[in-house]
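For reference, upload.pdb (PDB, C-alpha atoms):
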```
ATOM      1  CA  MET A  25      21.078  88.529 -38.426
ATOM      2  CA  GLY A  26      23.421  89.646 -41.157
ATOM      3  CA  CYS A  27      21.279  88.989 -44.146
ATOM      4  CA  SER A  28      19.849  91.139 -46.879
ATOM      5  CA  TRP A  29      17.497  90.984 -49.800
ATOM      6  CA  LYS A  30      20.416  90.466 -52.127
ATOM      7  CA  LEU A  31      20.866  86.981 -50.769
ATOM      8  CA  LEU A  32      17.497  85.897 -52.067
ATOM      9  CA  ARG A  33      16.868  85.288 -55.743
ATOM     10  CA  THR A  34      14.303  87.745 -56.978
ATOM     11  CA  ASP A  35      12.652  85.420 -59.505
ATOM     12  CA  TRP A  36      10.938  83.465 -56.718
ATOM     13  CA  ILE A  37       9.286  86.504 -55.302
ATOM     14  CA  ASN A  38       5.583  87.094 -55.788
ATOM     15  CA  GLU A  39       3.879  90.208 -57.113
ATOM     16  CA  ARG A  40       3.691  91.865 -53.688
ATOM     17  CA  ASN A  41       7.474  91.779 -53.714
ATOM     18  CA  THR A  42       7.799  89.762 -50.545
ATOM     19  CA  LEU A  43       8.890  86.190 -50.456
ATOM     20  CA  TYR A  44       6.383  83.941 -48.722
ATOM     21  CA  ALA A  45       7.956  80.916 -47.068
ATOM     22  CA  ILE A  46       6.502  77.964 -45.174
ATOM     23  CA  VAL A  47       8.741  76.278 -42.628
ATOM     24  CA  VAL A  48       7.661  72.886 -41.267
ATOM     25  CA  GLY A  49       8.970  72.012 -37.812
ATOM     26  CA  CYS A  50       9.640  74.349 -34.881
ATOM     27  CA  GLY A  51      12.844  72.751 -33.755
ATOM     28  CA  THR A  52      15.977  74.861 -33.309
ATOM     29  CA  THR A  53      16.646  74.716 -37.064
ATOM     30  CA  GLY A  54      13.104  75.699 -38.008
ATOM     31  CA  ILE A  55      13.071  78.669 -35.616
ATOM     32  CA  LYS A  56      16.532  79.875 -36.740
ATOM     33  CA  ILE A  57      15.538  79.748 -40.392
ATOM     34  CA  ALA A  58      12.257  81.517 -39.649
ATOM     35  CA  GLU A  59      14.040  84.288 -37.728
ATOM     36  CA  TRP A  60      16.500  84.741 -40.571
ATOM     37  CA  LEU A  61      13.765  84.887 -43.207
ATOM     38  CA  MET A  62      11.743  87.384 -41.136
ATOM     39  CA  ALA A  63      14.800  89.577 -40.658
ATOM     40  CA  SER A  64      15.317  89.552 -44.405
ATOM     41  CA  GLY A  65      11.816  90.948 -44.890
ATOM     42  CA  SER A  66      10.060  87.767 -45.930
ATOM     43  CA  GLU A  67       6.625  86.679 -44.847
ATOM     44  CA  ILE A  68       6.651  83.316 -43.133
ATOM     45  CA  THR A  69       4.369  80.700 -41.613
ATOM     46  CA  LEU A  70       5.596  77.824 -39.499
ATOM     47  CA  ILE A  71       3.861  74.487 -38.979
ATOM     48  CA  GLU A  72       4.275  72.498 -35.769
ATOM     49  CA  LYS A  73       2.488  69.383 -34.540
ATOM     50  CA  ILE A  74       3.336  69.527 -30.812
ATOM     51  CA  VAL A  75       1.219  72.049 -28.852
ATOM     52  CA  GLU A  76       3.980  73.162 -26.443
ATOM     53  CA  LYS A  77       6.466  73.784 -29.246
ATOM     54  CA  GLN A  78       3.810  75.576 -31.274
ATOM     55  CA  ARG A  79       2.978  77.914 -28.340
ATOM     56  CA  PHE A  80       6.637  78.591 -27.605
ATOM     57  CA  ALA A  81       7.456  79.513 -31.204
ATOM     58  CA  ASP A  82       4.214  81.458 -31.599
ATOM     59  CA  ASN A  83       5.118  83.660 -28.617
ATOM     60  CA  LEU A  84       8.708  84.030 -29.764
ATOM     61  CA  LEU A  85       8.019  84.963 -33.387
ATOM     62  CA  GLY A  86       4.591  86.596 -33.093
ATOM     63  CA  SER A  87       1.599  84.488 -34.133
ATOM     64  CA  VAL A  88       3.000  82.879 -37.227
ATOM     65  CA  VAL A  89       2.813  79.229 -36.185
ATOM     66  CA  VAL A  90       0.025  76.928 -37.377
ATOM     67  CA  LEU A  91      -0.722  73.938 -35.148
ATOM     68  CA  GLY A  92      -0.943  70.719 -37.149
ATOM     69  CA  ASP A  93       0.820  67.956 -39.006
ATOM     70  CA  GLY A  94       2.856  69.415 -41.876
ATOM     71  CA  THR A  95       2.654  66.156 -43.813
ATOM     72  CA  THR A  96      -1.076  66.591 -44.455
ATOM     73  CA  ILE A  97      -2.799  68.597 -47.180
ATOM     74  CA  ASP A  98      -5.252  70.055 -44.623
ATOM     75  CA  THR A  99      -2.595  71.694 -42.463
ATOM     76  CA  GLN A 100      -0.597  72.918 -45.439
ATOM     77  CA  ASN A 101      -3.787  74.457 -46.795
ATOM     78  CA  THR A 102      -4.403  76.273 -43.486
ATOM     79  CA  ALA A 103      -0.844  77.593 -43.602
ATOM     80  CA  GLY A 104      -1.480  79.037 -47.068
ATOM     81  CA  THR A 105       0.969  76.844 -48.958
ATOM     82  CA  LYS A 106      -0.889  77.634 -52.174
ATOM     83  CA  ARG A 107       0.649  81.095 -52.368
ATOM     84  CA  ALA A 108       4.060  80.136 -50.983
ATOM     85  CA  ASP A 109       7.237  80.747 -52.990
ATOM     86  CA  LEU A 110       9.454  78.619 -50.810
ATOM     87  CA  PHE A 111       8.805  75.533 -48.689
ATOM     88  CA  ILE A 112      11.308  74.278 -46.115
ATOM     89  CA  ALA A 113      10.888  70.971 -44.239
ATOM     90  CA  THR A 114      13.033  70.714 -41.105
ATOM     91  CA  LEU A 115      11.502  67.678 -39.389
ATOM     92  CA  SER A 116      13.737  65.022 -37.876
ATOM     93  CA  SER A 117      12.366  62.253 -40.078
ATOM     94  CA  ASP A 118      13.541  62.212 -43.697
ATOM     95  CA  GLU A 119      10.374  60.433 -44.800
ATOM     96  CA  ASP A 120       8.173  63.127 -43.265
ATOM     97  CA  ASN A 121      10.260  65.852 -44.912
ATOM     98  CA  MET A 122       9.891  64.105 -48.251
ATOM     99  CA  LEU A 123       6.120  63.723 -47.907
ATOM    100  CA  ALA A 124       5.708  67.361 -46.798
ATOM    101  CA  CYS A 125       7.802  68.603 -49.740
ATOM    102  CA  GLN A 126       6.017  66.399 -52.261
ATOM    103  CA  ILE A 127       2.609  67.651 -51.116
ATOM    104  CA  ALA A 128       3.890  71.230 -51.427
ATOM    105  CA  LYS A 129       5.356  70.549 -54.856
ATOM    106  CA  HIS A 130       2.676  68.386 -56.460
ATOM    107  CA  HIS A 131      -0.507  69.550 -54.750
ATOM    108  CA  PHE A 132       0.198  73.235 -54.087
ATOM    109  CA  GLU A 133       2.753  73.758 -56.880
ATOM    110  CA  VAL A 134       5.325  75.575 -54.744
ATOM    111  CA  ASP A 135       8.338  76.759 -56.800
ATOM    112  CA  LYS A 136      11.150  75.754 -54.488
ATOM    113  CA  THR A 137      11.140  72.984 -51.913
ATOM    114  CA  ILE A 138      13.957  72.399 -49.456
ATOM    115  CA  ALA A 139      14.313  69.324 -47.232
ATOM    116  CA  ILE A 140      16.755  68.588 -44.458
ATOM    117  CA  SER A 141      18.099  65.056 -44.332
ATOM    118  CA  GLY A 142      19.875  63.485 -41.391
ATOM    119  CA  ASN A 143      20.669  60.237 -43.172
ATOM    120  CA  PRO A 144      23.244  60.483 -46.004
ATOM    121  CA  ASP A 145      21.753  57.321 -47.570
ATOM    122  CA  ASN A 146      18.527  59.212 -48.229
ATOM    123  CA  VAL A 147      20.047  62.354 -49.751
ATOM    124  CA  ASN A 148      20.354  61.068 -53.317
ATOM    125  CA  LEU A 149      16.919  59.474 -53.212
ATOM    126  CA  LEU A 150      15.305  62.722 -52.043
ATOM    127  CA  ARG A 151      17.091  64.634 -54.844
ATOM    128  CA  LEU A 152      15.952  62.045 -57.357
ATOM    129  CA  LEU A 153      12.358  62.334 -56.157
ATOM    130  CA  GLY A 154      12.222  65.967 -57.195
ATOM    131  CA  ILE A 155      12.974  67.936 -54.033
ATOM    132  CA  ASP A 156      14.822  71.022 -55.266
ATOM    133  CA  ILE A 157      17.380  71.373 -52.508
ATOM    134  CA  VAL A 158      18.360  68.605 -50.086
ATOM    135  CA  VAL A 159      20.565  69.651 -47.174
ATOM    136  CA  ASP A 160      22.772  66.814 -45.969
ATOM    137  CA  VAL A 161      23.189  67.554 -42.255
ATOM    138  CA  THR A 162      25.710  64.775 -41.590
ATOM    139  CA  ASP A 163      27.890  65.984 -44.449
ATOM    140  CA  LEU A 164      27.808  69.589 -43.162
ATOM    141  CA  ILE A 165      28.795  68.553 -39.640
ATOM    142  CA  THR A 166      31.525  66.242 -40.895
ATOM    143  CA  GLU A 167      32.971  68.962 -43.114
ATOM    144  CA  LYS A 168      32.900  71.469 -40.262
ATOM    145  CA  ILE A 169      34.669  69.084 -37.891
ATOM    146  CA  GLN A 170      37.204  68.149 -40.537
ATOM    147  CA  SER A 171      38.004  71.795 -41.195
ATOM    148  CA  LEU A 172      38.475  72.359 -37.451
ATOM    149  CA  VAL A 173      40.482  69.213 -36.802
ATOM    150  CA  ALA A 174      42.687  69.276 -39.920
ATOM    151  CA  PRO A 175      44.886  72.200 -38.720
ATOM    152  CA  MET A 176      45.493  70.402 -35.394
ATOM    153  CA  LEU A 177      46.696  67.325 -37.253
ATOM    154  CA  VAL A 178      49.149  69.424 -39.256
ATOM    155  CA  GLU A 179      50.514  71.021 -36.077
ATOM    156  CA  ASP A 180      51.085  67.598 -34.537
ATOM    157  CA  LEU A 181      53.298  66.622 -37.425
TER     158      LEU A 181
ATOM    159  CA  MET B  12      -7.331  46.138 -56.382
ATOM    160  CA  ILE B  13      -4.378  43.840 -55.791
ATOM    161  CA  GLN B  14      -3.941  41.452 -58.687
ATOM    162  CA  THR B  15      -2.697  38.104 -57.426
ATOM    163  CA  SER B  16      -2.161  35.209 -59.799
ATOM    164  CA  GLU B  17      -4.484  35.320 -62.782
ATOM    165  CA  GLY B  18      -6.592  32.199 -62.996
ATOM    166  CA  ASN B  19      -5.061  30.337 -65.908
ATOM    167  CA  SER B  20      -7.309  27.394 -66.632
ATOM    168  CA  ASN B  21      -5.790  26.326 -69.970
ATOM    169  CA  SER B  22      -2.290  25.423 -68.904
ATOM    170  CA  GLY B  23      -1.281  23.928 -65.614
ATOM    171  CA  VAL B  24       1.982  25.867 -65.784
ATOM    172  CA  GLN B  25       1.787  29.150 -63.972
ATOM    173  CA  ARG B  26       4.708  31.262 -62.935
ATOM    174  CA  LEU B  27       4.915  31.894 -59.231
ATOM    175  CA  LYS B  28       4.648  35.559 -58.438
ATOM    176  CA  ARG B  29       7.184  37.054 -56.086
ATOM    177  CA  ILE B  30       5.646  39.709 -53.858
ATOM    178  CA  ALA B  31       7.306  42.013 -51.316
ATOM    179  CA  VAL B  32       5.402  43.452 -48.377
ATOM    180  CA  ILE B  33       6.860  46.321 -46.322
ATOM    181  CA  GLY B  34       5.561  46.372 -42.745
ATOM    182  CA  CYS B  35       4.372  43.322 -40.853
ATOM    183  CA  GLY B  36       1.483  44.929 -38.998
ATOM    184  CA  SER B  37      -2.072  43.644 -39.174
ATOM    185  CA  LEU B  38      -2.462  44.518 -42.864
ATOM    186  CA  GLY B  39       0.997  43.257 -43.832
ATOM    187  CA  THR B  40       0.365  39.960 -42.055
ATOM    188  CA  GLN B  41      -3.029  39.562 -43.707
ATOM    189  CA  ILE B  42      -1.589  40.261 -47.177
ATOM    190  CA  ALA B  43       1.266  37.802 -46.597
ATOM    191  CA  ILE B  44      -1.117  35.044 -45.505
ATOM    192  CA  GLU B  45      -3.619  35.586 -48.333
ATOM    193  CA  LEU B  46      -1.117  35.928 -51.161
ATOM    194  CA  SER B  47       1.133  33.076 -50.063
ATOM    195  CA  SER B  48      -1.862  30.770 -49.607
ATOM    196  CA  SER B  49      -2.845  31.424 -53.238
ATOM    197  CA  GLY B  50       0.528  30.118 -54.378
ATOM    198  CA  ASN B  51       2.845  33.113 -54.400
ATOM    199  CA  ILE B  52       6.158  33.676 -52.669
ATOM    200  CA  VAL B  53       5.940  36.597 -50.250
ATOM    201  CA  ILE B  54       8.902  38.481 -48.777
ATOM    202  CA  VAL B  55       7.940  40.425 -45.649
ATOM    203  CA  ILE B  56      10.208  43.239 -44.475
ATOM    204  CA  ASP B  57       9.947  44.907 -41.074
ATOM    205  CA  LYS B  58      12.339  46.751 -38.756
ATOM    206  CA  ASP B  59      11.098  44.837 -35.726
ATOM    207  CA  PRO B  60      11.805  41.066 -35.690
ATOM    208  CA  LYS B  61       9.022  40.622 -33.097
ATOM    209  CA  SER B  62       6.417  41.609 -35.668
ATOM    210  CA  PHE B  63       7.080  38.359 -37.579
ATOM    211  CA  LEU B  64       5.594  36.372 -34.675
ATOM    212  CA  SER B  65       2.139  37.098 -36.103
ATOM    213  CA  LEU B  66       2.903  35.065 -39.245
ATOM    214  CA  PRO B  67       1.646  31.445 -39.200
ATOM    215  CA  PRO B  68       4.589  29.011 -38.703
ATOM    216  CA  HIS B  69       3.469  26.567 -41.415
ATOM    217  CA  LEU B  70       3.878  29.225 -44.124
ATOM    218  CA  LEU B  71       7.328  30.150 -42.823
ATOM    219  CA  GLU B  72       8.390  26.497 -42.685
ATOM    220  CA  ALA B  73       7.229  25.905 -46.251
ATOM    221  CA  SER B  74       9.213  29.020 -47.309
ATOM    222  CA  ARG B  75       6.030  30.490 -48.761
ATOM    223  CA  VAL B  76       6.651  33.531 -46.622
ATOM    224  CA  VAL B  77      10.214  34.767 -46.227
ATOM    225  CA  THR B  78      10.994  37.342 -43.551
ATOM    226  CA  ALA B  79      13.715  39.988 -43.645
ATOM    227  CA  ILE B  80      14.637  42.461 -40.918
ATOM    228  CA  GLY B  81      15.322  45.852 -42.439
ATOM    229  CA  ASP B  82      14.258  49.415 -43.169
ATOM    230  CA  GLY B  83      11.886  49.530 -46.139
ATOM    231  CA  THR B  84      13.006  53.034 -47.059
ATOM    232  CA  GLN B  85      16.617  51.979 -47.626
ATOM    233  CA  GLU B  86      17.691  50.507 -50.957
ATOM    234  CA  VAL B  87      20.395  48.394 -49.239
ATOM    235  CA  SER B  88      17.805  46.737 -46.964
ATOM    236  CA  LEU B  89      15.488  46.042 -49.888
ATOM    237  CA  ARG B  90      18.297  44.520 -51.959
ATOM    238  CA  GLN B  91      19.456  42.392 -49.028
ATOM    239  CA  ALA B  92      15.913  41.072 -48.752
ATOM    240  CA  GLY B  93      15.965  40.169 -52.461
ATOM    241  CA  VAL B  94      13.332  42.688 -53.471
ATOM    242  CA  GLN B  95      14.987  43.748 -56.775
ATOM    243  CA  ASP B  96      13.283  41.015 -58.831
ATOM    244  CA  VAL B  97       9.781  40.952 -57.316
ATOM    245  CA  ASP B  98       6.708  41.440 -59.504
ATOM    246  CA  LEU B  99       4.803  43.475 -56.964
ATOM    247  CA  LEU B 100       5.661  45.506 -53.867
ATOM    248  CA  ILE B 101       3.115  46.553 -51.274
ATOM    249  CA  ALA B 102       4.033  49.265 -48.742
ATOM    250  CA  ALA B 103       1.747  48.641 -45.777
ATOM    251  CA  THR B 104       3.372  50.278 -42.760
ATOM    252  CA  THR B 105       1.362  52.476 -40.405
ATOM    253  CA  ARG B 106       3.268  55.602 -41.455
ATOM    254  CA  GLU B 107       2.123  57.400 -44.574
ATOM    255  CA  SER B 108       5.509  58.974 -45.269
ATOM    256  CA  VAL B 109       7.376  55.666 -44.936
ATOM    257  CA  ASN B 110       4.951  54.038 -47.383
ATOM    258  CA  LEU B 111       5.445  56.793 -49.933
ATOM    259  CA  MET B 112       9.216  56.746 -49.577
ATOM    260  CA  SER B 113       9.560  52.964 -49.970
ATOM    261  CA  GLY B 114       6.979  53.021 -52.742
ATOM    262  CA  GLN B 115       8.887  55.621 -54.741
ATOM    263  CA  LEU B 116      12.219  53.936 -54.047
ATOM    264  CA  ALA B 117      10.816  50.644 -55.325
ATOM    265  CA  ARG B 118       9.042  52.122 -58.343
ATOM    266  CA  HIS B 119      11.511  54.728 -59.575
ATOM    267  CA  VAL B 120      14.919  53.518 -58.385
ATOM    268  CA  MET B 121      14.522  49.731 -58.319
ATOM    269  CA  ARG B 122      12.047  49.700 -61.236
ATOM    270  CA  ILE B 123       9.605  47.235 -59.711
ATOM    271  CA  PRO B 124       6.704  46.845 -62.197
ATOM    272  CA  VAL B 125       3.795  47.289 -59.810
ATOM    273  CA  VAL B 126       3.924  49.189 -56.519
ATOM    274  CA  VAL B 127       0.942  49.562 -54.194
ATOM    275  CA  CYS B 128       0.906  51.852 -51.143
ATOM    276  CA  LEU B 129      -1.454  51.928 -48.190
ATOM    277  CA  VAL B 130      -2.756  55.510 -48.049
ATOM    278  CA  LYS B 131      -4.910  56.574 -45.103
ATOM    279  CA  ASP B 132      -5.396  60.195 -46.129
ATOM    280  CA  SER B 133      -7.657  60.157 -49.200
ATOM    281  CA  HIS B 134      -6.547  63.697 -50.164
ATOM    282  CA  LEU B 135      -3.135  62.297 -51.038
ATOM    283  CA  LEU B 136      -4.421  59.794 -53.613
ATOM    284  CA  SER B 137      -3.939  62.055 -56.637
ATOM    285  CA  ILE B 138      -0.312  62.760 -55.672
ATOM    286  CA  TYR B 139       0.445  59.046 -55.502
ATOM    287  CA  GLU B 140      -1.234  58.415 -58.835
ATOM    288  CA  ASN B 141       0.793  61.176 -60.493
ATOM    289  CA  LEU B 142       3.915  59.492 -59.142
ATOM    290  CA  GLY B 143       2.990  56.183 -60.816
ATOM    291  CA  ILE B 144       2.097  54.375 -57.611
ATOM    292  CA  LYS B 145      -1.100  52.390 -57.076
ATOM    293  CA  THR B 146      -3.004  52.922 -53.837
ATOM    294  CA  ILE B 147      -5.174  51.157 -51.288
ATOM    295  CA  ASN B 148      -7.326  53.595 -49.334
ATOM    296  CA  PRO B 149      -9.183  52.028 -46.383
ATOM    297  CA  ASP B 150     -11.747  54.865 -46.227
ATOM    298  CA  GLY B 151     -12.499  54.550 -49.933
ATOM    299  CA  LEU B 152     -12.911  50.784 -49.703
ATOM    300  CA  LEU B 153     -15.169  51.175 -46.698
ATOM    301  CA  MET B 154     -17.330  53.695 -48.545
ATOM    302  CA  GLU B 155     -17.606  51.376 -51.548
ATOM    303  CA  ALA B 156     -18.645  48.525 -49.261
ATOM    304  CA  ILE B 157     -21.266  50.726 -47.622
ATOM    305  CA  LYS B 158     -22.630  51.835 -51.010
ATOM    306  CA  ASP B 159     -22.745  48.207 -52.186
ATOM    307  CA  GLY B 160     -24.617  47.348 -48.997
ATOM    308  CA  LEU B 161     -27.204  50.066 -49.693
ATOM    309  CA  ASP B 162     -27.845  48.944 -53.284
TER     310      ASP B 162
END
```

Rewrite the structure of this file - the entire thing - as structure tokens.
Amino acid sequence: MGCSWKLLRTDWINERNTLYAIVVGCGTTGIKIAEWLMASGSEITLIEKIVEKQRFADNLLGSVVVLGDGTTIDTQNTAGTKRADLFIATLSSDEDNMLACQIAKHHFEVDKTIAISGNPDNVNLLRLLGIDIVVDVTDLITEKIQSLVAPMLVEDL
Amino acid sequence: MIQTSEGNSNSGVQRLKRIAVIGCGSLGTQIAIELSSSGNIVIVIDKDPKSFLSLPPHLLEASRVVTAIGDGTQEVSLRQAGVQDVDLLIAATTRESVNLMSGQLARHVMRIPVVVCLVKDSHLLSIYENLGIKTINPDGLLMEAIKDGLD
């Protein structure tokens, strides 16, 4: 992974000089982000509800996956959200991502919360509700496809 | 915990309260029946049209209970259902996150005066209160009932 410390803002980082991140959801996105963060020298913990997915990711990444529902205070507590600098919710449901991020923000006082949103209608609402960064997946895919298709359209002319 | 119409004995004139309920499960149905029977207009919103079958036909016929198919977490659905001018919104779906999302949408975006959410996990209560949302917690109510029974 071509990433370095310089990519991460240093003012989030705790006194031990490593960024501690919690990633909720062991889907492809969650695992990719976790791999990238680990490669950049961060400490991470993942949270996954489904046993099979939890085992798979645990074997792949090396015992960093907590089994449980990331939208509950209990599980987030087990994962050590209290000392986290960064919280990323990558679940497929926007509502679950919002709840997970709001628990992290309001109960555990995490500095930065990031949520992924698959429904563009929810993006503004999530931003309004205090989630620091909302990633609009539909918008990203649309932009990517547009940038790939646009040159073809020009050639056709 | 849920304030319905205040008993106003002096004047016979009493404004009908408009109440929105998100989720037509067992709790949503119960709320709709109770509150519409005490003279309020209740709008029930659910994704699944089949869920409205549990509502008593006489209330639907008298337009005491109005049903709307839609997603309670989407502002468009809520507006289509006529939720913007209700006095009270109750989020009573089975999913905690859906309740919180529709509750916050209703309270902070649509500015509905009173919003009540069904919260199963009692640890979350303080978060909801900080966000300006009232809560119903079944475990808490059950405990109160048990304590009352012991006294």

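Residues in contact range of Asp82 in chain B, defined as at most 8 Å between only C-alpha atoms, with sequence neighbours fewer than 6 positions away removed, read B:Ile56, B:Asp57, B:Lys58, B:Ser88, B:Leu89.
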
Could you tell me which residues the ChimeraX specification (/A :<10) & /B grabs in this file, written as a VMD selection string? chain B and resid 84 to 87 106 to 113 115 to 116 119 to 120 132 to 135 137 to 139 141 to 142

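With CA of Gly154 in chain A on one side and CA of Ile144 in chain B on the other, the separation reads 15.4 Å.
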
Translate the PyMOL selection byres ((chain B and resi 32) around 9), as applied to the file shown, into an explicit residue set as an MDAnalysis selection string. chainID B and resid 30:31 33:35 39:40 42:43 53:57 99:103

Would you compute the distance between CA of His69 in chain B and CA of Ser49 in chain B? Give it in Å to one decimal. 14.3 Å

Where does the PyMOL selection byres ((chain A and resi 157) around 8) land in this file, that is, which residues does it pick, as a PyMOL selection string? chain A and resi 136-139+151+155-156+158-159

Computed interatomic separation between CA of Leu70 in chain B and CA of Val94 in chain B (Å):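 Separation between CA of Leu70 in chain B and CA of Val94 in chain B: 18.9 Å.
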
Would you kindly return, as JSON, numbers by chain, each protein, DNA or RNA residue with an atom no farther than 7 Å from any atom of Asn148 in chain B, considering all atoms listed in the file and excluding same-chain residues fewer than 5 positions away? {"B": [129, 130, 131, 133]}

Around (14.7, 85.2, -39.2) in the file's frame, which residues reach within 12 Å when counting only C-alpha atoms? Return as a short mmCIF file (atom, residue, chain, number, x, y, z; two decimals) with C-alpha atoms, keeping the file's coordinate frame?
```
data_model
loop_
_atom_site.label_atom_id
_atom_site.label_comp_id
_atom_site.auth_asym_id
_atom_site.auth_seq_id
_atom_site.Cartn_x
_atom_site.Cartn_y
_atom_site.Cartn_z
CA MET A 25 21.08 88.53 -38.43
CA GLY A 26 23.42 89.65 -41.16
CA CYS A 27 21.28 88.99 -44.15
CA SER A 28 19.85 91.14 -46.88
CA ALA A 45 7.96 80.92 -47.07
CA VAL A 47 8.74 76.28 -42.63
CA THR A 52 15.98 74.86 -33.31
CA THR A 53 16.65 74.72 -37.06
CA GLY A 54 13.10 75.70 -38.01
CA ILE A 55 13.07 78.67 -35.62
CA LYS A 56 16.53 79.88 -36.74
CA ILE A 57 15.54 79.75 -40.39
CA ALA A 58 12.26 81.52 -39.65
CA GLU A 59 14.04 84.29 -37.73
CA TRP A 60 16.50 84.74 -40.57
CA LEU A 61 13.76 84.89 -43.21
CA MET A 62 11.74 87.38 -41.14
CA ALA A 63 14.80 89.58 -40.66
CA SER A 64 15.32 89.55 -44.40
CA GLY A 65 11.82 90.95 -44.89
CA SER A 66 10.06 87.77 -45.93
CA GLU A 67 6.62 86.68 -44.85
CA ILE A 68 6.65 83.32 -43.13
CA THR A 69 4.37 80.70 -41.61
CA LEU A 70 5.60 77.82 -39.50
CA LEU A 84 8.71 84.03 -29.76
CA LEU A 85 8.02 84.96 -33.39
CA GLY A 86 4.59 86.60 -33.09
#
```

Listed atoms of range 112-121 of chain B boxed along x, y and z, 3 Å each side, centre and edge lengths in Å, one decimal, as JSON:
```
{"center_x": 10.9, "center_y": 53.2, "center_z": -54.6, "size_x": 13.9, "size_y": 13.0, "size_z": 16.0}
```

When you look at Ala73 in chain B with a cut-off of 12 Å (counting all atoms listed in the file), what residues show up, excluding the ones that are within fewer than 2 positions of it in the same chain? I need them as a PyMOL selection string. chain B and resi 47-48+50-53+67-71+75-77
